[in-house]
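*Asks:* Input file: model_25.cif. Contents: mmCIF, C-alpha atoms.
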data_start
loop_
_atom_site.label_atom_id
_atom_site.label_comp_id
_atom_site.auth_asym_id
_atom_site.auth_seq_id
_atom_site.Cartn_x
_atom_site.Cartn_y
_atom_site.Cartn_z
CA MET A 578 0.00 0.00 0.00
CA SER A 579 1.24 3.47 -0.94
CA LEU A 580 0.23 6.92 0.24
CA ILE A 581 -0.75 9.14 -2.68
CA VAL A 582 -1.27 12.91 -2.58
CA GLN A 583 -3.30 14.29 -5.50
CA LYS A 584 -3.74 18.03 -6.03
CA PHE A 585 -6.40 19.44 -8.37
CA GLY A 586 -6.43 23.07 -9.48
CA GLY A 587 -9.45 25.33 -9.71
CA SER A 588 -10.21 24.57 -13.36
CA SER A 589 -10.15 20.83 -12.58
CA VAL A 590 -12.98 21.18 -10.03
CA ARG A 591 -14.85 24.15 -11.53
CA ASP A 592 -18.25 22.44 -11.80
CA THR A 593 -20.11 19.23 -10.99
CA GLU A 594 -18.78 17.42 -14.06
CA HIS A 595 -15.18 18.20 -13.18
CA LEU A 596 -15.69 17.42 -9.50
CA LEU A 597 -16.96 13.97 -10.44
CA ARG A 598 -14.01 13.47 -12.80
CA MET A 599 -11.67 14.32 -9.92
CA ALA A 600 -13.54 11.87 -7.70
CA HIS A 601 -13.21 9.09 -10.30
CA ILE A 602 -9.44 9.65 -10.47
CA ALA A 603 -9.10 9.55 -6.67
CA ARG A 604 -11.39 6.50 -6.43
CA GLU A 605 -9.26 4.62 -8.96
CA ARG A 606 -6.13 5.05 -6.84
CA ARG A 607 -8.04 4.17 -3.66
CA ALA A 608 -9.37 1.00 -5.32
CA GLU A 609 -5.76 -0.08 -5.91
CA GLY A 610 -5.38 -0.28 -2.14
CA ASN A 611 -3.61 3.05 -1.65
CA ASP A 612 -4.20 5.68 0.99
CA VAL A 613 -5.26 8.86 -0.82
CA VAL A 614 -5.09 12.51 0.23
CA VAL A 615 -6.69 15.01 -2.15
CA VAL A 616 -5.78 18.72 -2.05
CA LEU A 617 -8.19 21.11 -3.77
CA SER A 618 -8.06 24.71 -4.93
CA ALA A 619 -11.13 26.95 -5.03
CA GLN A 620 -13.44 26.31 -7.97
CA GLY A 621 -12.78 28.18 -11.20
CA ASP A 622 -12.66 31.95 -10.72
CA THR A 623 -13.99 31.85 -7.15
CA THR A 624 -10.96 33.58 -5.62
CA ASP A 625 -11.12 36.45 -8.14
CA THR A 626 -14.86 36.81 -7.53
CA LEU A 627 -14.38 37.00 -3.76
CA LEU A 628 -11.56 39.51 -4.17
CA LYS A 629 -13.79 41.68 -6.38
CA LYS A 630 -16.53 41.64 -3.74
CA ALA A 631 -14.11 42.87 -1.10
CA LEU A 632 -12.78 45.65 -3.35
CA GLU A 633 -16.33 46.83 -3.96
CA LEU A 634 -16.43 47.67 -0.25
CA THR A 635 -12.94 49.10 0.24
CA PRO A 636 -9.83 49.63 -1.92
CA SER A 637 -7.59 48.45 0.95
CA PRO A 638 -9.27 45.53 2.75
CA ASP A 639 -7.91 44.27 6.06
CA GLY A 640 -5.52 41.34 5.61
CA ARG A 641 -7.06 39.13 8.28
CA GLU A 642 -10.57 39.51 6.88
CA MET A 643 -9.36 38.98 3.32
CA ASP A 644 -7.80 35.67 4.34
CA ALA A 645 -11.02 34.64 6.09
CA LEU A 646 -12.93 35.53 2.92
CA LEU A 647 -10.63 33.99 0.31
CA ALA A 648 -10.10 30.77 2.28
CA SER A 649 -13.83 30.06 2.04
CA GLY A 650 -13.38 29.13 -1.62
CA GLU A 651 -11.18 26.15 -0.79
CA GLN A 652 -13.52 25.08 2.00
CA VAL A 653 -16.38 24.91 -0.48
CA SER A 654 -14.25 22.86 -2.90
CA ALA A 655 -13.16 20.42 -0.21
CA ALA A 656 -16.71 19.81 1.02
CA LEU A 657 -18.01 19.34 -2.53
CA GLY A 658 -15.03 17.10 -3.30
CA ALA A 659 -15.83 14.86 -0.34
CA LEU A 660 -19.50 14.74 -1.39
CA ALA A 661 -18.47 13.81 -4.94
CA LEU A 662 -16.39 10.91 -3.63
CA GLN A 663 -19.22 9.77 -1.36
CA THR A 664 -21.56 9.85 -4.38
CA LEU A 665 -19.24 7.32 -6.02
CA GLY A 666 -19.31 5.10 -2.95
CA VAL A 667 -15.98 6.23 -1.49
CA ASP A 668 -15.81 7.12 2.18
CA ALA A 669 -14.30 10.62 2.34
CA VAL A 670 -13.96 13.53 4.73
CA SER A 671 -13.16 17.19 4.08
CA LEU A 672 -10.58 18.90 6.29
CA SER A 673 -9.90 22.62 6.46
CA ALA A 674 -6.43 23.82 7.42
CA TRP A 675 -7.42 24.47 11.05
CA GLN A 676 -8.75 20.91 11.35
CA VAL A 677 -5.52 19.27 10.19
CA PRO A 678 -3.93 21.63 11.42
CA ILE A 679 -1.54 23.31 8.96
CA GLU A 680 0.28 25.85 11.11
CA THR A 681 1.70 29.01 9.54
CA ASP A 682 3.18 32.32 10.55
CA GLY A 683 0.86 35.31 10.73
CA ALA A 684 1.74 36.94 7.39
CA HIS A 685 -1.77 37.35 6.00
CA GLY A 686 -1.89 36.93 2.23
CA ASP A 687 1.58 35.42 2.03
CA ALA A 688 1.93 33.06 4.99
CA GLN A 689 4.68 30.47 5.34
CA ILE A 690 3.92 26.93 6.52
CA GLU A 691 5.76 26.19 9.76
CA MET A 692 4.40 22.77 10.73
CA ILE A 693 1.80 20.20 9.72
CA ASP A 694 0.35 17.85 12.32
CA THR A 695 -0.41 14.68 10.37
CA ALA A 696 -2.21 12.79 13.17
CA ARG A 697 -5.76 13.72 12.09
CA ILE A 698 -5.13 12.85 8.44
CA ARG A 699 -3.57 9.51 9.39
CA ARG A 700 -6.56 8.66 11.60
CA GLU A 701 -8.89 9.31 8.66
CA LEU A 702 -6.74 7.22 6.33
CA ASP A 703 -6.55 4.39 8.88
CA ALA A 704 -10.36 4.46 9.01
CA GLY A 705 -10.42 3.85 5.24
CA ARG A 706 -11.37 7.36 4.22
CA VAL A 707 -9.99 9.64 1.52
CA ALA A 708 -8.91 12.90 3.18
CA VAL A 709 -9.90 15.94 1.09
CA VAL A 710 -7.82 18.87 2.34
CA THR A 711 -8.17 22.55 1.53
CA GLY A 712 -5.21 24.00 -0.32
CA PHE A 713 -3.92 27.60 -0.12
CA GLN A 714 -4.60 28.05 3.59
CA GLY A 715 -3.29 27.58 7.10
CA VAL A 716 -3.88 28.79 10.65
CA ASP A 717 -1.61 30.99 12.74
CA GLU A 718 -0.80 30.88 16.46
CA ASN A 719 -3.86 33.01 17.23
CA GLY A 720 -6.16 30.55 15.49
CA ASP A 721 -6.76 32.93 12.58
CA VAL A 722 -6.98 31.65 9.03
CA THR A 723 -4.07 32.62 6.78
CA THR A 724 -3.52 32.17 3.04
CA LEU A 725 -0.29 31.20 1.32
CA GLY A 726 -0.28 33.59 -1.62
CA ARG A 727 -0.15 32.90 -5.33
CA GLY A 728 0.17 29.20 -6.16
CA GLY A 729 -0.58 28.37 -2.53
CA SER A 730 -2.45 25.14 -3.22
CA ASP A 731 0.62 23.68 -4.95
CA THR A 732 2.63 24.63 -1.87
CA SER A 733 0.03 22.98 0.37
CA ALA A 734 0.24 19.77 -1.64
CA VAL A 735 4.04 19.64 -1.55
CA ALA A 736 4.13 20.39 2.18
CA LEU A 737 1.54 17.69 2.91
CA ALA A 738 3.38 15.15 0.77
CA ALA A 739 6.60 15.91 2.64
CA ALA A 740 4.97 15.80 6.09
CA LEU A 741 3.15 12.54 5.31
CA ARG A 742 6.21 11.05 3.58
CA ALA A 743 3.97 10.27 0.63
CA ASP A 744 5.07 7.76 -1.96
CA GLU A 745 3.71 9.87 -4.79
CA LEU A 746 2.60 13.46 -5.39
CA ILE A 747 0.57 14.26 -8.49
CA ILE A 748 -0.46 17.78 -9.45
CA TYR A 749 -3.21 17.89 -12.07
CA THR A 750 -3.23 20.83 -14.51
CA ASP A 751 -4.83 21.78 -17.83
CA VAL A 752 -1.90 20.43 -19.88
CA ASP A 753 -0.28 17.01 -20.15
CA GLY A 754 2.83 17.79 -18.15
CA ILE A 755 5.62 20.34 -18.50
CA PHE A 756 6.49 21.46 -22.03
CA SER A 757 9.37 23.34 -23.59
CA SER A 758 6.92 26.26 -23.80
CA ASP A 759 3.22 26.93 -23.41
CA PRO A 760 1.64 24.48 -25.91
CA ARG A 761 -1.36 26.78 -26.23
CA VAL A 762 0.94 29.41 -27.75
CA CYS A 763 3.66 27.22 -29.31
CA PRO A 764 2.16 24.29 -31.25
CA ASP A 765 5.61 22.69 -31.59
CA ALA A 766 6.29 22.64 -27.83
CA VAL A 767 7.90 19.41 -26.61
CA ARG A 768 6.80 17.59 -23.47
CA ARG A 769 9.62 16.95 -21.02
CA GLU A 770 9.58 13.50 -19.41
CA ARG A 771 11.72 14.70 -16.51
CA ILE A 772 12.85 18.17 -15.51
CA SER A 773 15.18 19.12 -12.68
CA TYR A 774 14.11 21.16 -9.69
CA ASP A 775 16.66 23.82 -10.65
CA ASP A 776 15.31 24.20 -14.19
CA MET A 777 11.67 24.13 -13.09
CA LEU A 778 12.36 26.72 -10.40
CA LEU A 779 14.04 29.04 -12.88
CA LEU A 780 11.26 28.58 -15.44
CA ALA A 781 8.65 29.36 -12.78
CA GLN A 782 10.52 32.49 -11.71
CA LYS A 783 10.71 33.60 -15.35
CA GLY A 784 7.01 33.24 -16.03
CA ALA A 785 6.05 29.58 -16.51
CA GLN A 786 2.69 29.08 -14.81
CA VAL A 787 2.56 25.30 -14.46
CA LEU A 788 3.97 25.36 -10.91
CA HIS A 789 4.62 28.25 -8.57
CA ASP A 790 8.27 28.82 -7.65
CA ARG A 791 7.64 28.50 -3.90
CA SER A 792 6.18 25.03 -4.32
CA VAL A 793 9.13 23.95 -6.49
CA ALA A 794 11.64 25.28 -3.95
CA LEU A 795 9.82 23.41 -1.16
CA ALA A 796 9.75 20.19 -3.22
CA GLN A 797 13.50 20.47 -3.79
CA GLN A 798 14.18 21.22 -0.15
CA SER A 799 12.04 18.26 0.95
CA GLY A 800 13.21 15.89 -1.78
CA VAL A 801 9.64 15.31 -3.00
CA PRO A 802 9.36 14.36 -6.70
CA VAL A 803 6.33 16.02 -8.32
CA THR A 804 4.39 14.46 -11.19
CA VAL A 805 2.52 17.03 -13.28
CA LYS A 806 -0.20 15.74 -15.61
CA SER A 807 -3.69 16.44 -16.88
CA CYS A 808 -6.93 14.77 -15.79
CA GLU A 809 -7.47 13.32 -19.25
CA ALA A 810 -7.26 9.56 -19.61
CA GLY A 811 -3.86 8.45 -20.91
CA SER A 812 -2.04 11.56 -19.70
CA ARG A 813 1.68 10.78 -19.48
CA GLY A 814 2.78 13.87 -17.61
CA SER A 815 6.20 15.01 -16.45
CA VAL A 816 8.24 14.48 -13.30
CA VAL A 817 10.05 17.29 -11.48
CA CYS A 818 12.96 15.73 -9.63
CA GLU A 819 16.66 16.08 -8.87
CA ARG A 820 17.88 15.30 -12.38
CA GLY A 821 16.05 16.09 -15.60
CA ASP A 822 16.46 14.80 -19.13
CA ALA A 823 19.49 16.06 -21.05
CA ALA A 824 18.64 19.22 -23.01
CA GLN A 825 20.81 22.22 -23.77
CA VAL A 826 17.75 24.48 -23.69
CA VAL A 827 14.99 23.10 -21.47
CA GLY A 828 12.28 25.65 -22.12
CA VAL A 829 11.27 29.13 -23.23
CA THR A 830 8.74 31.19 -21.34
CA GLN A 831 7.29 34.71 -21.26
CA LYS A 832 6.63 37.17 -18.47
CA LYS A 833 4.52 40.28 -18.94
CA SER A 834 4.94 43.11 -16.46
CA GLU A 835 1.86 45.15 -15.58
CA ALA A 836 4.11 48.14 -14.91
CA SER A 837 5.86 48.08 -18.29
CA GLN A 838 5.00 47.92 -21.96
CA LEU A 839 7.70 45.28 -22.38
CA ALA A 840 7.61 41.51 -21.92
CA ALA A 841 10.54 39.20 -21.20
CA ILE A 842 11.03 36.10 -23.33
CA THR A 843 13.38 33.84 -21.38
CA ALA A 844 15.13 30.61 -22.35
CA VAL A 845 16.43 28.29 -19.61
CA GLY A 846 19.10 25.60 -19.86
CA ASP A 847 22.69 24.63 -19.11
CA ALA A 848 23.86 25.98 -22.48
CA LEU A 849 22.86 29.53 -21.52
CA PRO A 850 23.83 32.30 -21.67
CA SER A 851 25.34 31.86 -25.13
CA VAL A 852 26.39 34.41 -27.74
CA GLU A 853 25.50 31.96 -30.51
CA ARG A 854 21.99 31.33 -29.16
CA GLU A 855 21.45 35.01 -28.42
CA ARG A 856 22.27 35.78 -32.06
CA ALA A 857 19.90 33.03 -33.24
CA VAL A 858 17.00 34.38 -31.15
CA VAL A 859 17.52 38.03 -32.06
CA THR A 860 17.81 37.16 -35.76
CA ALA A 861 14.63 35.06 -35.64
CA LEU A 862 12.71 37.84 -33.95
CA GLU A 863 13.92 40.55 -36.30
CA ARG A 864 13.11 38.42 -39.35
CA GLY A 865 9.66 37.87 -37.85
CA GLY A 866 9.12 41.61 -37.52
CA VAL A 867 9.55 41.75 -33.73
CA SER A 868 11.75 44.53 -32.33
CA VAL A 869 14.17 43.59 -29.54
CA TYR A 870 14.57 46.34 -26.93
CA ALA A 871 17.11 44.69 -24.61
CA VAL A 872 18.96 41.43 -24.00
CA ALA A 873 20.03 40.07 -20.61
CA GLY A 874 21.74 36.88 -19.54
CA GLY A 875 22.60 35.11 -16.30
CA GLU A 876 23.39 31.70 -14.92
CA ARG A 877 21.48 29.19 -17.09
CA PHE A 878 19.17 31.75 -18.73
CA LEU A 879 18.89 34.26 -21.57
CA SER A 880 16.18 36.93 -21.78
CA VAL A 881 15.12 39.22 -24.61
CA TYR A 882 12.68 42.09 -24.11
CA VAL A 883 9.95 42.87 -26.62
CA LEU A 884 6.68 44.83 -26.64
CA ARG A 885 3.89 43.18 -24.66
CA ALA A 886 1.75 43.17 -27.80
CA ASP A 887 4.41 41.05 -29.55
CA ALA A 888 4.95 38.61 -26.65
CA ASP A 889 3.11 35.56 -28.03
CA ARG A 890 4.63 35.91 -31.50
CA ALA A 891 8.07 36.45 -29.96
CA LEU A 892 7.65 33.35 -27.80
CA ARG A 893 6.85 31.22 -30.85
CA LEU A 894 9.80 32.59 -32.82
CA ALA A 895 12.28 32.20 -29.95
CA HIS A 896 11.07 28.70 -29.19
CA SER A 897 11.46 27.60 -32.83
CA ALA A 898 14.96 29.09 -32.90
CA LEU A 899 16.14 27.31 -29.76
CA ILE A 900 14.21 24.07 -29.30
CA ARG A 901 15.00 21.39 -31.82
#
For this file, write the structure as structure tokens.
*Replies:*
Amino acid sequence: MSLIVQKFGGSSVRDTEHLLRMAHIARERRAEGNDVVVVLSAQGDTTDTLLKKALELTPSPDGREMDALLASGEQVSAALGALALQTLGVDAVSLSAWQVPIETDGAHGDAQIEMIDTARIRRELDAGRVAVVTGFQGVDENGDVTTLGRGGSDTSAVALAAALRADELIIYTDVDGIFSSDPRVCPDAVRRERISYDDMLLLAQKGAQVLHDRSVALAQQSGVPVTVKSCEAGSRGSVVCERGDAAQVVGVTQKKSEASQLAAITAVGDALPSVERERAVVTALERGGVSVYAVAGGERFLSVYVLRADADRALRLAHSALIR
């Protein structure tokens, strides 16, 4: 018997159909004889909707009350997730962060996990239940709800997997793993079977949105391999671990700044920075009618800056020039 942690993002539980699909996936692993812990994000655009409601009242809402408000989205998901599993005949229980508990510092909106008491989850697993845990949230020393910031549910899943010494951690997304670029923008993007923590962390910091950089850093620190895949049947996915597959350029990503008219197109890999590859990218962009405003390089990365309006086209051109 193995202990499996499965994390599902907001789009994967956005309605009844998707909740039931999640429940089928969890039930399948439970039927194999595994203990299963499910971590859920808030449904769809719930967090944005709740934030909008608060801003309708005040342009600078209190941090404690915002955390109490935003955390309700994950509580709804967890309860519905447990109900979906029960509908399929699987004994399940929802657990909010204070019930686990997941203890954090008191930094509302950007809290850090300090400790997870696994006793309650293990009791539920020993009783044959699937534990459905809220992502994105914790509780501070005063008993107040805190939230973990952007990508917080991924961080919750990694922290739980580490604390429980899980045999497997799977994070379900909208795409079939980690690609050399966003496959929705670059049709020729290549799926990576394995990618190193270092490369995934750098890609996340440079704009890749598959995993948040804090969750990757925590996975590396804890030595927790992370499988990233879609909910679709037959998804092969990718594994984030200590050593990735050999590739001189692992991926190309984009990052658009709200405070600037420019966007950064960044390539990551052991072969970077490289004068030869810089020339190849700049030439490809200029031939494609995209103006390059600046070039920057650092350890294992190369960035070119283009107008935000040209970002998608620049990403496709840079990817084609570097990924073969």
*Asks:* Interatomic distance between CA of Ala794 (chain A) and CA of Arg820 (chain A)?
*Replies:*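 Between these atoms lies a distance of 14.5 Å.
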*Asks:* Which of these residues is nearest to Ile842 (chain A), using all atoms listed in the file: A:Ala810, A:Ala857, A:Ala888, A:Val677?
*Replies:*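 Once distances to Ile842 (chain A) are computed over all atoms listed in the file, the minimum belongs to A:Ala888.
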*Asks:* What's the 9 Å shell around region 664-674 of chain A, counting all atoms listed in the file, without same-chain residues fewer than 3 positions away, as an mmCIF file with C-alpha atoms, keeping the file's coordinate frame?
*Replies:*
data_model
loop_
_atom_site.group_PDB
_atom_site.id
_atom_site.type_symbol
_atom_site.label_atom_id
_atom_site.label_comp_id
_atom_site.auth_asym_id
_atom_site.auth_seq_id
_atom_site.Cartn_x
_atom_site.Cartn_y
_atom_site.Cartn_z
ATOM 1 C CA LEU A 597 -16.960 13.970 -10.440
ATOM 2 C CA ALA A 600 -13.540 11.870 -7.700
ATOM 3 C CA HIS A 601 -13.210 9.090 -10.300
ATOM 4 C CA ARG A 604 -11.390 6.500 -6.430
ATOM 5 C CA ARG A 607 -8.040 4.170 -3.660
ATOM 6 C CA GLU A 651 -11.180 26.150 -0.790
ATOM 7 C CA GLN A 652 -13.520 25.080 2.000
ATOM 8 C CA ALA A 655 -13.160 20.420 -0.210
ATOM 9 C CA ALA A 656 -16.710 19.810 1.020
ATOM 10 C CA LEU A 657 -18.010 19.340 -2.530
ATOM 11 C CA GLY A 658 -15.030 17.100 -3.300
ATOM 12 C CA ALA A 659 -15.830 14.860 -0.340
ATOM 13 C CA LEU A 660 -19.500 14.740 -1.390
ATOM 14 C CA ALA A 661 -18.470 13.810 -4.940
ATOM 15 C CA VAL A 677 -5.520 19.270 10.190
ATOM 16 C CA PRO A 678 -3.930 21.630 11.420
ATOM 17 C CA ILE A 679 -1.540 23.310 8.960
ATOM 18 C CA GLU A 680 0.280 25.850 11.110
ATOM 19 C CA ILE A 698 -5.130 12.850 8.440
ATOM 20 C CA GLU A 701 -8.890 9.310 8.660
ATOM 21 C CA GLY A 705 -10.420 3.850 5.240
ATOM 22 C CA ARG A 706 -11.370 7.360 4.220
ATOM 23 C CA VAL A 707 -9.990 9.640 1.520
ATOM 24 C CA ALA A 708 -8.910 12.900 3.180
ATOM 25 C CA VAL A 709 -9.900 15.940 1.090
ATOM 26 C CA VAL A 710 -7.820 18.870 2.340
ATOM 27 C CA THR A 711 -8.170 22.550 1.530
ATOM 28 C CA GLY A 712 -5.210 24.000 -0.320
ATOM 29 C CA PHE A 713 -3.920 27.600 -0.120
ATOM 30 C CA GLN A 714 -4.600 28.050 3.590
ATOM 31 C CA GLY A 715 -3.290 27.580 7.100
ATOM 32 C CA VAL A 716 -3.880 28.790 10.650
ATOM 33 C CA VAL A 722 -6.980 31.650 9.030
#
*Asks:* Please measure the separation of CA of Ala684 (chain A) and CA of Thr624 (chain A), giving the value in Å to one decimal.
*Replies:*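 The value is 18.5 Å.
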*Asks:* Under the PyMOL selection byres ((chain A and resi 865-880) around 10), which residues of this model are included? Write them out as a count of residues only.
*Replies:* 45
*Asks:* CA of Asp759 (chain A) to CA of Gly784 (chain A): how many Å, to one decimal?
*Replies:*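 Interatomic distance here is 10.4 Å.
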*Asks:* Dump as a list in words all residues having an atom at most 12 Å from (-4.8, 3.1, -3.2), computed in the file's coordinates with all atoms listed in the file.
*Replies:*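 Protein and nucleic acid residues near the point are Met578, Ser579, Leu580, Ile581, Val582, Gln583, Ile602, Ala603, Arg604, Glu605, Arg606, Arg607, Ala608, Glu609, Gly610, Asn611, Asp612, Val613, Val614, Val667, Leu702, Gly705, Arg706, Val707, Ala743, Asp744 and Glu745 of chain A.
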